[in-house]
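coords_17.cif follows (mmCIF, C-alpha atoms):
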```
data_query
#
loop_
_atom_site.label_atom_id
_atom_site.label_comp_id
_atom_site.auth_asym_id
_atom_site.auth_seq_id
_atom_site.Cartn_x
_atom_site.Cartn_y
_atom_site.Cartn_z
CA MET U 281 59.74 112.56 120.37
CA ALA U 282 63.46 112.23 120.75
CA GLY U 283 64.69 108.81 121.74
CA THR U 284 61.56 106.99 120.70
CA ALA U 285 60.50 105.27 117.55
CA LEU U 286 57.28 104.27 115.87
CA ARG U 287 56.11 100.73 116.44
CA GLY U 288 58.48 98.48 114.56
CA GLY U 289 60.57 101.50 113.66
CA LEU U 290 64.15 102.45 114.17
CA THR U 291 65.55 103.97 117.33
CA TRP U 292 68.47 106.36 117.37
CA GLN U 293 71.32 105.23 119.57
CA THR U 294 74.74 106.53 120.46
CA ALA U 295 77.59 104.36 119.21
CA THR U 296 81.23 104.56 120.15
CA VAL U 297 83.78 104.91 117.37
CA THR U 298 86.22 102.06 117.94
CA ALA U 299 88.65 102.67 115.07
CA ILE U 300 89.20 104.89 112.07
CA THR U 301 91.12 103.51 109.12
CA ARG U 302 92.30 105.74 106.30
CA GLU U 303 91.52 104.03 102.99
CA THR U 304 92.55 106.75 100.51
CA GLY U 305 93.35 110.46 100.68
CA SER U 306 89.65 111.30 100.95
CA VAL U 307 88.09 108.12 102.34
CA VAL U 308 88.01 106.63 105.84
CA THR U 309 86.38 103.56 107.35
CA ILE U 310 84.75 104.13 110.74
CA ALA U 311 84.27 101.08 112.95
CA LEU U 312 81.35 101.43 115.36
CA ASP U 313 80.17 99.86 118.58
CA PRO U 314 76.48 100.62 119.10
CA PRO U 315 74.96 99.51 122.41
CA ASP U 316 72.10 97.62 120.74
CA TRP U 317 72.84 96.30 117.25
CA PRO U 318 70.45 93.62 115.95
CA GLY U 319 72.86 92.54 113.18
CA HIS U 320 72.72 93.50 109.54
CA ARG U 321 72.51 91.93 106.09
CA ALA U 322 75.12 92.39 103.38
CA GLY U 323 74.24 95.52 101.42
CA GLN U 324 72.21 97.30 104.08
CA HIS U 325 72.67 100.91 105.27
CA LEU U 326 72.64 102.78 108.51
CA ASP U 327 71.56 106.36 109.18
CA VAL U 328 73.95 108.81 110.84
CA ARG U 329 72.71 111.98 112.54
CA LEU U 330 74.87 114.96 113.48
CA THR U 331 73.50 117.68 115.76
CA ASP U 332 75.21 121.04 116.22
CA GLU U 333 75.10 123.31 119.28
CA ASP U 334 71.98 125.05 117.99
CA GLY U 335 70.09 121.79 117.63
CA TYR U 336 70.33 121.76 113.84
CA THR U 337 70.53 118.19 112.63
CA ALA U 338 71.77 116.61 109.41
CA GLU U 339 71.09 112.97 108.55
CA ARG U 340 72.81 110.78 105.99
CA GLU U 341 72.52 107.15 104.99
CA TYR U 342 75.74 105.18 104.61
CA SER U 343 76.20 101.68 103.28
CA ILE U 344 77.51 99.27 105.89
CA ALA U 345 81.02 98.18 104.93
CA SER U 346 81.39 95.21 107.27
CA ALA U 347 79.99 91.73 106.79
CA PRO U 348 77.00 90.38 108.68
CA GLY U 349 78.22 89.09 112.04
CA GLU U 350 80.86 91.81 112.28
CA PRO U 351 80.32 95.07 114.19
CA PRO U 352 78.94 97.76 111.88
CA ALA U 353 81.40 99.97 110.03
CA ILE U 354 80.86 102.67 107.44
CA THR U 355 83.20 103.96 104.76
CA VAL U 356 82.88 107.68 104.11
CA GLU U 357 84.22 109.72 101.22
CA ARG U 358 84.87 113.37 101.95
CA LEU U 359 82.71 115.64 99.80
CA GLU U 360 84.16 119.15 99.77
CA ASP U 361 80.74 120.84 99.93
CA GLY U 362 79.27 118.24 102.28
CA GLU U 363 77.62 118.98 105.63
CA VAL U 364 78.40 115.62 107.18
CA SER U 365 81.26 113.86 105.38
CA PRO U 366 83.99 116.44 106.17
CA TYR U 367 83.32 115.93 109.89
CA LEU U 368 83.16 112.15 109.66
CA SER U 369 86.26 111.84 107.48
CA GLY U 370 88.35 114.61 109.03
CA GLU U 371 87.44 115.36 112.63
CA LEU U 372 85.95 112.22 114.13
CA ARG U 373 88.38 110.20 116.28
CA ALA U 374 88.40 106.77 117.88
CA GLY U 375 86.61 107.02 121.23
CA ASP U 376 84.17 109.66 119.99
CA GLU U 377 80.44 109.04 119.96
CA LEU U 378 78.23 108.97 116.88
CA GLU U 379 74.44 108.89 116.72
CA LEU U 380 73.07 106.24 114.38
CA ARG U 381 70.16 103.94 113.68
CA GLY U 382 69.78 100.86 111.57
CA PRO U 383 70.09 98.61 109.80
CA VAL U 384 68.03 99.92 106.88
CA GLY U 385 67.12 98.39 103.53
CA GLY U 386 65.81 95.11 102.21
CA TYR U 387 66.33 95.30 98.45
CA PHE U 388 70.01 95.78 97.70
CA VAL U 389 71.00 92.82 99.87
CA TRP U 390 72.55 89.44 99.20
CA GLU U 391 72.31 86.16 101.07
CA PRO U 392 74.25 83.01 100.16
CA ALA U 393 70.89 81.36 99.42
CA ASP U 394 70.32 83.94 96.67
CA GLY U 395 73.08 82.16 94.77
CA GLY U 396 74.77 83.56 91.70
CA PRO U 397 77.04 83.71 89.90
CA LEU U 398 77.51 87.22 91.22
CA LEU U 399 78.38 90.21 89.08
CA LEU U 400 79.33 93.20 91.23
CA LEU U 401 79.84 96.57 89.53
CA ALA U 402 81.20 99.41 91.64
CA GLY U 403 81.61 103.07 90.74
CA GLY U 404 83.82 104.95 93.20
CA SER U 405 82.60 104.54 96.77
CA GLY U 406 79.84 102.29 95.39
CA ILE U 407 82.30 99.54 96.32
CA VAL U 408 81.20 99.77 99.98
CA PRO U 409 78.08 97.54 100.02
CA LEU U 410 79.72 95.21 97.49
CA ARG U 411 82.66 94.79 99.86
CA SER U 412 80.18 93.71 102.53
CA ILE U 413 78.78 91.14 100.10
CA LEU U 414 82.24 89.80 99.21
CA ARG U 415 83.32 89.58 102.87
CA TYR U 416 80.09 87.78 103.71
CA ARG U 417 80.55 85.36 100.81
CA GLN U 418 83.97 84.45 102.21
CA GLN U 419 82.87 84.20 105.83
CA ALA U 420 79.78 82.18 105.00
CA GLY U 421 81.94 79.70 103.04
CA SER U 422 79.87 80.29 99.92
CA ASP U 423 81.31 78.91 96.69
CA VAL U 424 79.17 81.15 94.47
CA PRO U 425 81.50 82.47 91.73
CA ALA U 426 81.83 86.24 91.84
CA ARG U 427 83.21 88.86 89.50
CA LEU U 428 83.82 92.43 90.63
CA LEU U 429 84.48 95.27 88.21
CA TYR U 430 85.48 98.40 90.06
CA SER U 431 85.62 101.76 88.30
CA ALA U 432 87.77 104.43 89.97
CA ARG U 433 89.42 107.64 88.83
CA THR U 434 92.96 106.58 89.64
CA TRP U 435 94.71 103.67 91.38
CA ASP U 436 95.11 105.87 94.48
CA ASP U 437 91.32 106.25 94.64
CA VAL U 438 90.73 102.50 94.95
CA ILE U 439 89.24 101.70 98.37
CA TYR U 440 90.01 98.36 100.15
CA ARG U 441 92.88 97.79 97.71
CA ASP U 442 94.78 95.29 99.84
CA GLU U 443 91.68 93.37 100.83
CA LEU U 444 90.47 93.10 97.25
CA ALA U 445 93.93 91.94 96.14
CA GLY U 446 93.65 89.06 98.59
CA TYR U 447 90.54 87.52 97.05
CA HIS U 448 91.24 84.51 94.85
CA ASP U 449 89.16 81.37 95.11
CA GLY U 450 86.09 81.91 93.01
CA ILE U 451 86.42 85.71 93.00
CA GLU U 452 87.74 87.65 90.02
CA VAL U 453 88.47 91.34 90.58
CA SER U 454 89.12 93.73 87.71
CA TYR U 455 89.45 97.48 87.58
CA THR U 456 88.89 100.26 85.14
CA LEU U 457 90.71 103.52 85.83
CA THR U 458 88.95 106.43 84.21
CA ARG U 459 91.22 109.43 84.74
CA ALA U 460 94.82 108.27 84.98
CA GLN U 461 96.65 104.96 85.05
CA PRO U 462 99.94 104.02 86.67
CA PRO U 463 102.84 103.15 84.34
CA GLY U 464 102.44 99.69 82.89
CA TRP U 465 98.75 99.49 83.85
CA ALA U 466 97.31 96.26 82.46
CA GLY U 467 93.73 96.73 83.60
CA HIS U 468 90.87 98.43 81.84
CA THR U 469 90.70 102.14 81.13
CA GLY U 470 87.81 104.54 80.59
CA ARG U 471 84.29 104.64 81.87
CA ILE U 472 82.14 101.57 82.01
CA ASP U 473 80.16 100.86 78.83
CA GLN U 474 78.56 97.98 77.02
CA ALA U 475 81.76 96.97 75.22
CA LEU U 476 83.65 96.70 78.52
CA LEU U 477 80.82 94.80 80.18
CA ALA U 478 80.52 92.43 77.21
CA GLY U 479 84.07 91.35 78.00
CA VAL U 480 83.86 91.30 81.80
CA ALA U 481 80.32 90.27 82.72
CA TRP U 482 79.08 86.70 82.91
CA PRO U 483 77.23 85.83 79.70
CA ALA U 484 73.48 86.28 80.03
CA ALA U 485 73.00 82.50 79.78
CA ALA U 486 74.86 82.08 83.08
CA GLY U 487 71.85 83.54 84.89
CA ALA U 488 74.02 85.84 86.95
CA LEU U 489 72.72 88.08 89.71
CA ALA U 490 74.07 91.63 89.29
CA TYR U 491 74.52 94.32 91.94
CA ILE U 492 75.47 97.79 90.69
CA CYS U 493 76.30 100.63 93.08
CA GLY U 494 77.77 104.03 92.34
CA PRO U 495 76.96 107.52 91.13
CA THR U 496 73.64 107.73 89.31
CA SER U 497 75.14 108.10 85.83
CA PHE U 498 77.40 105.09 86.37
CA VAL U 499 74.51 102.93 87.54
CA GLU U 500 72.22 103.97 84.69
CA THR U 501 74.88 103.20 82.08
CA ALA U 502 75.84 99.87 83.60
CA ALA U 503 72.28 98.67 84.18
CA ALA U 504 71.16 99.57 80.66
CA ALA U 505 74.21 97.80 79.21
CA LEU U 506 73.51 94.60 81.15
CA VAL U 507 69.89 94.57 79.99
CA SER U 508 71.11 95.08 76.40
CA LEU U 509 73.43 92.11 76.91
CA GLY U 510 70.42 89.99 77.83
CA TYR U 511 70.27 90.20 81.63
CA PRO U 512 66.65 90.19 82.86
CA ALA U 513 65.94 93.49 84.65
CA ALA U 514 64.84 91.54 87.72
CA ARG U 515 68.38 90.08 88.05
CA VAL U 516 69.98 93.54 88.05
CA LYS U 517 69.83 95.26 91.45
CA THR U 518 70.87 98.88 91.55
CA GLU U 519 71.73 101.53 94.10
CA ARG U 520 72.43 105.13 93.06
CA PHE U 521 73.99 107.72 95.31
CA GLY U 522 73.68 110.80 93.15
CA GLY U 523 76.15 112.95 91.31
CA THR U 524 78.94 112.97 93.86
CA GLY U 525 81.87 110.63 94.11
CA GLY U 526 84.37 109.88 91.40
CA HIS U 527 84.39 106.74 89.32
CA MET W 1304 71.29 117.74 91.61
CA ASP W 1305 71.25 114.19 90.30
CA PRO W 1306 68.47 112.00 91.60
CA VAL W 1307 69.22 109.01 93.78
CA ASP W 1308 66.91 106.01 94.19
CA GLY W 1309 64.59 104.47 96.72
CA ASN W 1310 67.43 102.74 98.58
CA ALA W 1311 68.36 106.18 99.93
CA ILE W 1312 65.08 106.71 101.77
CA GLY W 1313 64.83 103.40 103.60
CA GLY W 1314 65.05 105.12 106.99
CA LEU W 1315 62.51 107.80 106.09
CA LEU W 1316 60.08 105.14 104.86
CA ILE W 1317 60.49 103.24 108.12
CA ASP W 1318 59.55 106.47 109.91
CA VAL W 1319 56.37 106.67 107.80
CA PHE W 1320 55.33 103.04 107.46
CA GLY W 1321 56.93 101.52 110.54
CA THR W 1322 58.69 98.83 108.55
CA GLU W 1323 61.21 98.22 105.77
CA MET W 1324 59.66 99.34 102.47
CA THR W 1325 62.48 99.53 99.89
CA ALA W 1326 61.75 95.98 98.73
CA ALA W 1327 57.99 96.66 98.55
CA THR W 1328 56.40 96.80 95.10
CA SER W 1329 54.98 100.09 93.88
CA ALA W 1330 52.58 100.68 91.01
CA CYS W 1331 52.29 104.03 89.25
CA ALA W 1332 48.76 105.44 89.08
CA SER W 1333 49.56 107.18 85.77
CA CYS W 1334 51.25 104.50 83.66
CA GLY W 1335 50.88 101.33 85.72
CA ASP W 1336 54.61 100.63 85.84
CA SER W 1337 55.37 98.25 88.68
CA ARG W 1338 58.77 97.92 90.37
CA PRO W 1339 60.47 97.83 93.76
CA VAL W 1340 60.49 101.10 95.71
CA ALA W 1341 64.30 100.82 95.72
CA GLU W 1342 64.28 101.35 91.93
CA LEU W 1343 62.17 104.52 91.95
CA VAL W 1344 63.69 107.92 91.13
CA VAL W 1345 64.24 110.01 94.26
CA TYR W 1346 65.01 113.71 94.51
CA GLN W 1347 66.21 114.77 97.94
CA GLN W 1348 66.04 118.48 98.40
CA ALA W 1349 65.36 119.84 101.84
CA PRO W 1350 62.81 119.94 103.30
CA GLY W 1351 61.10 117.46 101.00
CA THR W 1352 61.68 114.20 99.19
CA VAL W 1353 60.03 113.64 95.81
CA VAL W 1354 59.67 110.11 94.45
CA ARG W 1355 59.00 109.72 90.73
CA CYS W 1356 58.09 106.84 88.45
CA ARG W 1357 61.13 105.49 86.58
CA ALA W 1358 59.00 104.75 83.51
CA CYS W 1359 56.92 107.91 83.03
CA GLY W 1360 58.32 110.44 85.50
CA SER W 1361 55.04 111.05 87.32
CA ILE W 1362 55.25 112.03 90.97
CA LEU W 1363 54.37 108.99 93.08
CA MET W 1364 55.11 110.23 96.59
CA VAL W 1365 56.09 113.46 98.31
CA LEU W 1366 57.41 113.25 101.87
CA ILE W 1367 58.13 116.36 103.91
CA ARG W 1368 59.73 116.22 107.32
CA HIS W 1369 59.26 119.06 109.78
CA LYS W 1370 60.65 118.54 113.25
CA ASP W 1371 59.04 115.33 114.47
CA ALA W 1372 56.23 115.28 111.91
CA ILE W 1373 56.29 113.90 108.39
CA GLY W 1374 53.74 114.95 105.77
CA VAL W 1375 53.11 112.33 103.11
CA ASP W 1376 51.30 112.53 99.76
CA VAL W 1377 51.01 109.17 98.03
CA SER W 1378 48.28 110.11 95.56
CA GLY W 1379 50.49 109.19 92.59
CA LEU W 1380 50.61 105.55 93.63
CA ALA W 1381 48.06 103.02 92.45
CA SER W 1382 49.36 100.56 95.04
CA LEU W 1383 52.18 99.79 97.40
CA SER W 1384 52.44 96.21 98.50
CA ARG W 1385 54.80 94.42 100.76
CA LEU W 1386 54.88 90.65 100.58
CA GLY W 1387 55.41 88.66 103.73
CA SER W 1388 54.62 91.54 106.04
CA ALA W 1389 53.94 90.53 109.60
#
```

What does this structure look like when you write it as C-alpha cells?
Amino acid sequence: MAGTALRGGLTWQTATVTAITRETGSVVTIALDPPDWPGHRAGQHLDVRLTDEDGYTAEREYSIASAPGEPPAITVERLEDGEVSPYLSGELRAGDELELRGPVGGYFVWEPADGGPLLLLAGGSGIVPLRSILRYRQQAGSDVPARLLYSARTWDDVIYRDELAGYHDGIEVSYTLTRAQPPGWAGHTGRIDQALLAGVAWPAAAGALAYICGPTSFVETAAAALVSLGYPAARVKTERFGGTGGH
Amino acid sequence: MDPVDGNAIGGLLIDVFGTEMTAATSACASCGDSRPVAELVVYQQAPGTVVRCRACGSILMVLIRHKDAIGVDVSGLASLSRLGSA
C-alpha cells in the first residue's frame, strides 16, 4: 500500500532539494529537507525512489554524505548507463522534490564510542560514508586518530577535495591516483595493494578499526590485504557497491 | 555484473523483517559460516535479489519483489539472529 509501512518499517516521504553542489565533472551532492527525518548515524544510507509517468519505479540506496545532526545529503556519481543517477546528477534542481526513506543500515556505522584508531579506505565514490564519519568525528570533538587513504582515477575525480584538505588535527589524508597524476604529484600512484597498505595503514598492533568502501574489487583487495597484515576480520568493516565507479 | 554486499539491501530487509537486519548475524546451512548480513554476497538483478554465503557460495536467501509483495526464500540459512532486538 503506497504511503504506508510495515510495523517498525520505513515510510516513503517527499523531501525538498535544498541545494545541489557540483563536486567533480560527474558527481554532485544533493542536500535534502525531508518533512520527518529521525536523524542518522555516520555511515548509514537512504533509499531514493523515482517514478515515471507510467508508474514505473526505480529505487537506489545512497550513502548519506552529511554528519549526524546535519540534514541528510547524498553524493551521486553519474553512471552513463544508469536509470537513476543521470537524473539526480544532471536534471534535479534546488527546489525540486525527491522521494526517499531512511535512514537504513546498522553495520557500516561509526560512533565516537567505537573508538579507533580509524583506518578509512575509499575507492572512488566510496568516500561518501567515510566523509560522514570524518565530519562526525570533528563535530563530536572526538580525538580518535584517523587515517584516510582515498583511491581515485585522477586528481579531478577526487570528491570533497577542499574539505579533506582542511582536516589536520589527528587526521591524516593520503591519496593514490590510479590513472593519471598531475605534474609533480607527491602522493601514491596505482591501485591499492598490500605493499601500499603496509606503508599507510596503522600497524596491526594498534588495534585499529577499519572501514573500507568502494567498488567490489577494491574492497576485496583492501580487506584481504589488511587481514594479511594482521587485522582481525572483525575489525574490518566493508561496503561494496559493485563494478561501477572509478577508483 | 559484480556482486555487492548486504549493506545494499538494508531497505529491502526492513520491508521483509520490519527492522534493521544488516548487522544481524547469519549462519549458512551448508557450511556453517557465520557473519554479519552486511558481509554476505548480494546479486541484484531485477526482479530478484540473491544472497550467497561468502565462504562457500551457497544461496542463503532469495528475495523477489512484485508490486507491493515480496517473496522470500530463506531455506539456505541455518539461522539469522539479531542481538538486542526490541

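Residues matched by the PyMOL selection byres ((chain U and resi 406) around 9) in this file are U:Ser343, U:Leu401, U:Ala402, U:Gly403, U:Gly404, U:Ser405, U:Ile407, U:Val408, U:Pro409, U:Leu410, U:Tyr430, U:Ile492, U:Cys493, U:Gly494, U:Pro495, U:Glu519, U:Arg520, U:Phe521, U:Gly525, U:His527.
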
**Request:** Spell out the residues picked by the PyMOL selection byres ((chain U and resi 462-469) around 12) here, as a VMD selection string.
**Result:** chain U and resid 429 to 437 453 to 461 470 to 473 475 to 477 479 to 480 527

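Closest approach to His1369 (chain W) among W:Ile1317, W:Ser1337, W:Ala1381, W:Gly1351 is made by W:Gly1351 (distances from all atoms listed in the file).
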
**Prompt:** Could you write out as a PyMOL selection string the residues that the PyMOL selection byres ((chain W and resi 1339) around 12) matches in the shown file?
**Reply:** (chain U and resi 385-388+513-514+516-519) or (chain W and resi 1308-1310+1324-1331+1336-1338+1340-1344+1356-1357+1382-1386)

**Request:** Find the residues with any atom within 12 Å of (59.3, 100.1, 109.3); use all atoms listed in the file and the coordinates as given in the file, and write the answer as a count of residues only.
**Result:** 31

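Note that CA of Leu330 (chain U) and CA of Trp292 (chain U) are 11.4 Å apart.
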
Can you put N, CA and C atoms back into region 1311-1331 of chain W and show it as a PDB file, in the frame of the given file?
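Output saved as rebuild_27.pdb:
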```pdb
ATOM      1  N   ALA W1311      67.862 105.081  99.090  1.00  0.00           N
ATOM      2  CA  ALA W1311      68.360 106.180  99.930  1.00  0.00           C
ATOM      3  C   ALA W1311      67.348 106.652 100.958  1.00  0.00           C
ATOM      4  N   ILE W1312      66.090 106.214 100.833  1.00  0.00           N
ATOM      5  CA  ILE W1312      65.080 106.710 101.770  1.00  0.00           C
ATOM      6  C   ILE W1312      64.500 105.581 102.625  1.00  0.00           C
ATOM      7  N   GLY W1313      65.299 104.526 102.786  1.00  0.00           N
ATOM      8  CA  GLY W1313      64.830 103.400 103.600  1.00  0.00           C
ATOM      9  C   GLY W1313      64.479 103.818 105.020  1.00  0.00           C
ATOM     10  N   GLY W1314      65.307 104.677 105.616  1.00  0.00           N
ATOM     11  CA  GLY W1314      65.050 105.120 106.990  1.00  0.00           C
ATOM     12  C   GLY W1314      63.814 105.995 107.076  1.00  0.00           C
ATOM     13  N   LEU W1315      63.677 106.919 106.123  1.00  0.00           N
ATOM     14  CA  LEU W1315      62.510 107.800 106.090  1.00  0.00           C
ATOM     15  C   LEU W1315      61.223 106.981 105.926  1.00  0.00           C
ATOM     16  N   LEU W1316      61.279 105.963 105.074  1.00  0.00           N
ATOM     17  CA  LEU W1316      60.080 105.140 104.860  1.00  0.00           C
ATOM     18  C   LEU W1316      59.746 104.320 106.102  1.00  0.00           C
ATOM     19  N   ILE W1317      60.769 103.920 106.853  1.00  0.00           N
ATOM     20  CA  ILE W1317      60.490 103.240 108.120  1.00  0.00           C
ATOM     21  C   ILE W1317      59.797 104.209 109.078  1.00  0.00           C
ATOM     22  N   ASP W1318      60.213 105.483 109.071  1.00  0.00           N
ATOM     23  CA  ASP W1318      59.550 106.470 109.910  1.00  0.00           C
ATOM     24  C   ASP W1318      58.062 106.597 109.556  1.00  0.00           C
ATOM     25  N   VAL W1319      57.751 106.492 108.251  1.00  0.00           N
ATOM     26  CA  VAL W1319      56.370 106.670 107.800  1.00  0.00           C
ATOM     27  C   VAL W1319      55.555 105.398 107.974  1.00  0.00           C
ATOM     28  N   PHE W1320      56.111 104.277 107.526  1.00  0.00           N
ATOM     29  CA  PHE W1320      55.330 103.040 107.460  1.00  0.00           C
ATOM     30  C   PHE W1320      55.595 102.094 108.626  1.00  0.00           C
ATOM     31  N   GLY W1321      56.643 102.360 109.389  1.00  0.00           N
ATOM     32  CA  GLY W1321      56.930 101.520 110.540  1.00  0.00           C
ATOM     33  C   GLY W1321      57.639 100.225 110.212  1.00  0.00           C
ATOM     34  N   THR W1322      58.027 100.063 108.941  1.00  0.00           N
ATOM     35  CA  THR W1322      58.690  98.830 108.550  1.00  0.00           C
ATOM     36  C   THR W1322      59.496  99.068 107.289  1.00  0.00           C
ATOM     37  N   GLU W1323      60.368  98.125 106.959  1.00  0.00           N
ATOM     38  CA  GLU W1323      61.210  98.220 105.770  1.00  0.00           C
ATOM     39  C   GLU W1323      60.316  98.202 104.513  1.00  0.00           C
ATOM     40  N   MET W1324      60.519  99.206 103.646  1.00  0.00           N
ATOM     41  CA  MET W1324      59.660  99.340 102.470  1.00  0.00           C
ATOM     42  C   MET W1324      60.433  99.399 101.144  1.00  0.00           C
ATOM     43  N   THR W1325      61.771  99.369 101.164  1.00  0.00           N
ATOM     44  CA  THR W1325      62.480  99.530  99.890  1.00  0.00           C
ATOM     45  C   THR W1325      62.275  98.328  98.966  1.00  0.00           C
ATOM     46  N   ALA W1326      61.984  97.169  99.549  1.00  0.00           N
ATOM     47  CA  ALA W1326      61.750  95.980  98.730  1.00  0.00           C
ATOM     48  C   ALA W1326      60.269  95.827  98.374  1.00  0.00           C
ATOM     49  N   ALA W1327      59.416  96.718  98.880  1.00  0.00           N
ATOM     50  CA  ALA W1327      57.990  96.660  98.550  1.00  0.00           C
ATOM     51  C   ALA W1327      57.794  97.007  97.064  1.00  0.00           C
ATOM     52  N   THR W1328      56.683  96.560  96.507  1.00  0.00           N
ATOM     53  CA  THR W1328      56.400  96.800  95.100  1.00  0.00           C
ATOM     54  C   THR W1328      55.424  97.955  94.952  1.00  0.00           C
ATOM     55  N   SER W1329      55.827  98.930  94.123  1.00  0.00           N
ATOM     56  CA  SER W1329      54.980 100.090  93.880  1.00  0.00           C
ATOM     57  C   SER W1329      54.352  99.979  92.496  1.00  0.00           C
ATOM     58  N   ALA W1330      53.198 100.582  92.336  1.00  0.00           N
ATOM     59  CA  ALA W1330      52.580 100.680  91.010  1.00  0.00           C
ATOM     60  C   ALA W1330      52.192 102.130  90.771  1.00  0.00           C
ATOM     61  N   CYS W1331      52.545 102.635  89.597  1.00  0.00           N
ATOM     62  CA  CYS W1331      52.290 104.030  89.250  1.00  0.00           C
ATOM     63  C   CYS W1331      50.826 104.199  88.832  1.00  0.00           C
TER      64      CYS W1331
END
```
